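What follows is a set of notes on a single structure, which appears directly below.
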Amino acid sequence: MSASTLPMNLGQAKKVWIWTECKEVMTVAVERGWNTFIFSSDNRELSDEWSSIALMDTLFIEEKKVIDGTGNVVASVFEVSTPEELRNLKIENEQAENIVLDFLDWKSIPAENLVAALQGSEKTVFAISNTPSEAKLFLEALEHGLGGIILKSEDVKAVLDLKEYFDKRNEESDTLSLTEATITRVQMVGMGDRVCVDLCSLMRPGEGLLVCLPVGSFARGLFLVHSECLESNYIESRPFRVNAGPVHAYVAVPGGKTCYLSELRTGREVIVVEQKGKQRTAVVGRVKIEKRPHILVEVKLSAKEEETVFSIILQNAETVALVTPHRVNSSGKTAVPVTSLKPGDQVLIRLQGGARHTGIEIQEFIVEN
């Protein structure tokens, strides 16, 4: 059976089966790597037609079970409409390795209750979902979620949205490569409009946003700008905030893209990265732009002889800091305030090649200073 992976805390591989009679939905799903399809038992003609034009696994649902083309039972099906019915489920007594739950009124049974009731089961439990938002609830409840989703839909957009969700979550499992860079120059540059990004999530020491200056539409050296989670002598910590840089700077967002800090809006997602490169997505809650004094920071790569210089402009304030390599911080500190930076200090940057057009990396030669 085809499975699409969605890294979660238990390291499970989340499975997706598609239940549809729409050929366009089938085509889009197959193109995106989902090729297990469910049909009603009286719809074998459609199954045969689709199997002749696309490589797929076909399953049939009948009499409270799911069978394959040879009649073998692949899953047991249970209809659940009340919390009491959920509590009385005895899925371990079923011989099938997979369990399909059909919620006649899923809103009456919180997804958290479902996952809690089934935790510890060795079965792979699927929930039938009509929308990507329903699927997300079942996949993420109590951090672990269910083992799979059956998307029952005749809407192409439902497949596209669910795949986009999987892509974003898979992206979080990838560790970004961060490079050590050495400070070569720190210089005051005057007043400018800077952007504070308040997230709907709390950040821990060592976490921040990847920010860079667009030079010739390039975004090659993204600095890891620390959150305001550290204690300061001047202001209380704000672990949800990153004082990220000037309005024209780029910030990393999901999908390998960047966008201008000034274009961030409430509800948009950004990438939060920590010292070792582990990343996660977070939702922007508020963006605040104010006129403040700025400072220019320039670095060169620490481990290479080439003199490629990367620069960033940030507000000149003690609460603004750059994340540093672990080995530099014997004191346990995770970042150095820009007000304390000096030539020879080391910080972490993310190297990213290619020119940018509307935040997307392209292959183009541009020279601009």
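As shown in the structure tokens, the chain order sets the letters A, B, ...; within each chain, residues go from 1, and ligands are also counted from 1 in the order they appear.
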Next item on the list: Find the spatial neighbours of Val159 in chain A, counting only C-alpha atoms, within a cut-off of 9 Å - ignore same-chain residues fewer than 5 positions away - and output them as a ChimeraX atom specification.
Entry: /A:18,25,28-29,32,131-132,151,153,164
Next item on the list: For range 203-211 of chain A, list every protein, DNA or RNA residue within 7 Å, evaluated using only C-alpha atoms, and leave out those in the same chain fewer than 2 positions away; present the list as a PyMOL selection string.
Entry: chain A and resi 201+222-227+229-230+239-240+242+244+249-252+271-275+323+334-335
Margin query: Taking only range 146-256 of chain A into account, list the residues labelled helix (DSSP H, G or I) by DSSP (computed from the backbone), as an MDAnalysis selection string.
Written below: chainID A and resid 156:173
Checklist line | DSSP-assigned strand (DSSP E) among range 195-344 of chain A, expressed as number ranges by chain | finding: A: 195-199, 208-212, 221-226, 241-246, 250-253, 257-260, 269-273, 279-301, 309-315, 321-323, 335-337
Notebook entry, point to check: Counting only C-alpha atoms, what is within 10 Å of Ile235 in chain A, bar same-chain residues fewer than 6 positions away, as a PyMOL selection string?
Noted result: chain A and resi 228+318-319
With N, CA, C and O atoms kept, could you save the residues just selected as a short mmCIF file (atom, residue, chain, number, x, y, z; two decimals), in the first residue's frame?
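So the final result, stored in selection-v8.cif, reads:
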data_model
loop_
_atom_site.label_atom_id
_atom_site.label_comp_id
_atom_site.auth_asym_id
_atom_site.auth_seq_id
_atom_site.Cartn_x
_atom_site.Cartn_y
_atom_site.Cartn_z
N GLU A 228 13.49 37.14 21.33
CA GLU A 228 13.69 37.94 22.54
C GLU A 228 13.35 37.13 23.78
O GLU A 228 12.79 37.65 24.75
N GLU A 318 20.04 46.00 22.62
CA GLU A 318 20.55 44.85 23.37
C GLU A 318 19.66 43.61 23.20
O GLU A 318 20.12 42.48 23.29
N THR A 319 18.39 43.84 22.93
CA THR A 319 17.45 42.73 22.80
C THR A 319 17.55 42.02 21.45
O THR A 319 16.94 40.98 21.25
#
Next item on the list: Please provide as a list in words all residues within 10 Å of Pro325 in chain A, with the sequence filter that same-chain residues fewer than 2 positions apart are discarded (counting only C-alpha atoms).
Entry: Leu178, Thr179, Glu180, Ala181, Gly206, Gln275, Lys276, Val323, Arg327, Val328, Asn329, Lys333, Thr334, Ala335, Gln346, Val347, Leu348 and Ile349 of chain A
Export all heavy atoms of the chosen residues as a CSV table (one decimal), in the first residue's frame?
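Wrote part20.csv, looks like this:
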chain,number,residue,atom,x,y,z
A,178,LEU,N,23.6,24.8,8.8
A,178,LEU,CA,24.0,26.1,9.2
A,178,LEU,C,25.5,26.2,9.2
A,178,LEU,O,26.2,25.2,9.6
A,178,LEU,CB,23.5,26.5,10.6
A,178,LEU,CG,22.0,26.4,10.8
A,178,LEU,CD1,21.6,26.7,12.2
A,178,LEU,CD2,21.3,27.4,9.8
A,179,THR,N,26.1,27.3,8.8
A,179,THR,CA,27.5,27.5,8.6
A,179,THR,C,28.0,28.6,9.6
A,179,THR,O,27.4,29.6,9.8
A,179,THR,CB,27.8,28.0,7.2
A,179,THR,OG1,27.3,27.0,6.3
A,179,THR,CG2,29.3,28.2,7.0
A,180,GLU,N,29.2,28.3,10.2
A,180,GLU,CA,29.8,29.3,11.0
A,180,GLU,C,30.4,30.4,10.2
A,180,GLU,O,31.1,30.2,9.2
A,180,GLU,CB,30.9,28.6,11.9
A,180,GLU,CG,30.4,27.6,12.9
A,180,GLU,CD,31.5,27.0,13.7
A,180,GLU,OE1,32.6,27.6,13.7
A,180,GLU,OE2,31.2,25.9,14.3
A,181,ALA,N,30.2,31.6,10.6
A,181,ALA,CA,30.8,32.8,10.0
A,181,ALA,C,31.4,33.7,11.0
A,181,ALA,O,31.0,33.7,12.2
A,181,ALA,CB,29.7,33.5,9.2
A,206,GLY,N,18.1,29.7,21.6
A,206,GLY,CA,18.7,29.1,20.5
A,206,GLY,C,17.9,29.2,19.2
A,206,GLY,O,18.4,28.8,18.1
A,275,GLN,N,19.7,26.3,16.9
A,275,GLN,CA,21.2,26.3,16.7
A,275,GLN,C,21.7,25.1,15.8
A,275,GLN,O,22.6,25.2,15.1
A,275,GLN,CB,21.9,26.2,18.0
A,275,GLN,CG,22.2,27.6,18.6
A,275,GLN,CD,22.8,27.5,20.0
A,275,GLN,OE1,22.5,26.6,20.8
A,275,GLN,NE2,23.8,28.3,20.3
A,276,LYS,N,21.1,23.9,16.0
A,276,LYS,CA,21.5,22.7,15.3
A,276,LYS,C,20.9,22.5,14.0
A,276,LYS,O,21.1,21.6,13.3
A,276,LYS,CB,21.3,21.5,16.2
A,276,LYS,CG,22.1,21.5,17.5
A,276,LYS,CD,21.9,20.2,18.3
A,276,LYS,CE,22.8,20.1,19.5
A,276,LYS,NZ,22.6,18.9,20.3
A,323,VAL,N,22.3,34.2,16.7
A,323,VAL,CA,22.6,32.9,17.2
A,323,VAL,C,24.1,32.5,16.9
A,323,VAL,O,24.6,32.7,15.8
A,323,VAL,CB,21.7,31.9,16.7
A,323,VAL,CG1,22.0,30.5,17.3
A,323,VAL,CG2,20.2,32.2,17.1
A,327,ARG,N,29.7,25.4,20.2
A,327,ARG,CA,31.0,25.3,20.8
A,327,ARG,C,31.6,26.6,21.3
A,327,ARG,O,32.6,26.6,22.0
A,327,ARG,CB,32.0,24.6,19.8
A,327,ARG,CG,32.3,25.3,18.6
A,327,ARG,CD,33.2,24.5,17.7
A,327,ARG,NE,33.5,25.2,16.5
A,327,ARG,CZ,34.5,26.1,16.4
A,327,ARG,NH1,35.2,26.4,17.5
A,327,ARG,NH2,34.8,26.7,15.2
A,328,VAL,N,31.1,27.7,20.7
A,328,VAL,CA,31.7,29.0,21.1
A,328,VAL,C,31.2,29.4,22.5
A,328,VAL,O,31.8,30.1,23.2
A,328,VAL,CB,31.2,30.1,20.1
A,328,VAL,CG1,31.6,31.5,20.5
A,328,VAL,CG2,31.8,29.7,18.7
A,329,ASN,N,30.0,28.8,22.9
A,329,ASN,CA,29.4,29.3,24.1
A,329,ASN,C,29.6,28.4,25.3
A,329,ASN,O,28.7,27.6,25.7
A,329,ASN,CB,27.9,29.5,23.9
A,329,ASN,CG,27.6,30.6,22.9
A,329,ASN,OD1,27.8,31.8,23.3
A,329,ASN,ND2,27.2,30.3,21.7
A,333,LYS,N,25.4,30.3,26.8
A,333,LYS,CA,24.6,31.3,26.0
A,333,LYS,C,24.4,30.8,24.6
A,333,LYS,O,25.2,30.2,24.0
A,333,LYS,CB,25.3,32.7,26.0
A,333,LYS,CG,25.4,33.3,27.4
A,333,LYS,CD,26.0,34.7,27.3
A,333,LYS,CE,26.0,35.4,28.6
A,333,LYS,NZ,26.6,36.8,28.6
A,334,THR,N,23.3,31.2,24.1
A,334,THR,CA,22.9,30.8,22.7
A,334,THR,C,23.0,31.9,21.7
A,334,THR,O,22.9,31.6,20.5
A,334,THR,CB,21.5,30.2,22.7
A,334,THR,OG1,20.6,31.3,23.2
A,334,THR,CG2,21.3,29.0,23.6
A,335,ALA,N,23.2,33.1,22.1
A,335,ALA,CA,23.2,34.2,21.2
A,335,ALA,C,24.0,35.4,21.8
A,335,ALA,O,24.2,35.5,23.0
A,335,ALA,CB,21.8,34.7,20.8
A,346,GLN,N,31.9,34.7,16.3
A,346,GLN,CA,31.3,33.8,15.4
A,346,GLN,C,29.8,33.7,15.5
A,346,GLN,O,29.2,33.8,16.6
A,346,GLN,CB,31.9,32.4,15.5
A,346,GLN,CG,33.3,32.3,15.1
A,346,GLN,CD,33.8,30.9,15.1
A,346,GLN,OE1,33.7,30.2,16.1
A,346,GLN,NE2,34.4,30.4,14.0
A,347,VAL,N,29.1,33.7,14.4
A,347,VAL,CA,27.6,33.5,14.4
A,347,VAL,C,27.3,32.4,13.3
A,347,VAL,O,28.1,31.9,12.6
A,347,VAL,CB,27.0,34.9,14.0
A,347,VAL,CG1,27.2,35.9,15.1
A,347,VAL,CG2,27.4,35.3,12.6
A,348,LEU,N,26.0,32.1,13.3
A,348,LEU,CA,25.5,31.1,12.4
A,348,LEU,C,24.7,31.7,11.2
A,348,LEU,O,23.9,32.6,11.5
A,348,LEU,CB,24.6,30.1,13.1
A,348,LEU,CG,25.3,29.1,14.1
A,348,LEU,CD1,24.3,28.3,14.9
A,348,LEU,CD2,26.4,28.2,13.4
A,349,ILE,N,25.0,31.2,10.0
A,349,ILE,CA,24.2,31.7,8.8
A,349,ILE,C,23.8,30.5,8.0
A,349,ILE,O,24.4,29.4,8.1
A,349,ILE,CB,25.0,32.7,8.0
A,349,ILE,CG1,26.2,32.0,7.3
A,349,ILE,CG2,25.4,33.9,8.7
A,349,ILE,CD1,26.9,32.9,6.3
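Minimum atom-to-atom distance to Ile150 in chain A, evaluated using only C-alpha atoms, belongs to A:Ala127 out of A:Leu341, A:Cys22, A:Ala127, A:Val66.
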Margin query: Can you tell me which residues surround Gly192 in chain A at a distance of at most 8 Å, considering only C-alpha atoms, apart from same-chain residues fewer than 3 positions away, and format the answer as a ChimeraX atom specification?
Written below: /A:246,291-294
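By only C-alpha atoms, and with residues fewer than 2 positions from range 278-290 of chain A along its chain excluded, the set lying at most 7 Å from it is A:Glu172, A:Thr175, A:Leu176, A:Asp193, A:Arg194, A:Val195, A:Cys196, A:Val197, A:Asp198, A:Leu199, A:Cys200, A:Ser201, A:Leu264, A:Arg265, A:Thr266, A:Gly267, A:Arg268, A:Glu269, A:Val270, A:Ile271, A:Val272, A:Val273, A:Glu274, A:Lys276, A:Arg292.
In this model, the gap between CA of Val100 in chain A and CA of Gly33 in chain A comes to 21.2 Å.
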Notebook entry, point to check: When you draw a straight line from CA of Pro83 in chain A to CA of Ala135 in chain A, how long is it in Å?
Noted result: 19.1 Å
Check: Which of these residues is nearest to Asp48 in chain A, using only C-alpha atoms: A:Tyr165, A:Phe310, A:Phe138, A:Phe60?
Finding: A:Phe60
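Distance annotation: of A:Gln187, A:Thr324, A:Thr58, A:Asn130, the residue with the minimal separation from Thr70 in chain A is A:Thr58; atom set is only C-alpha atoms.
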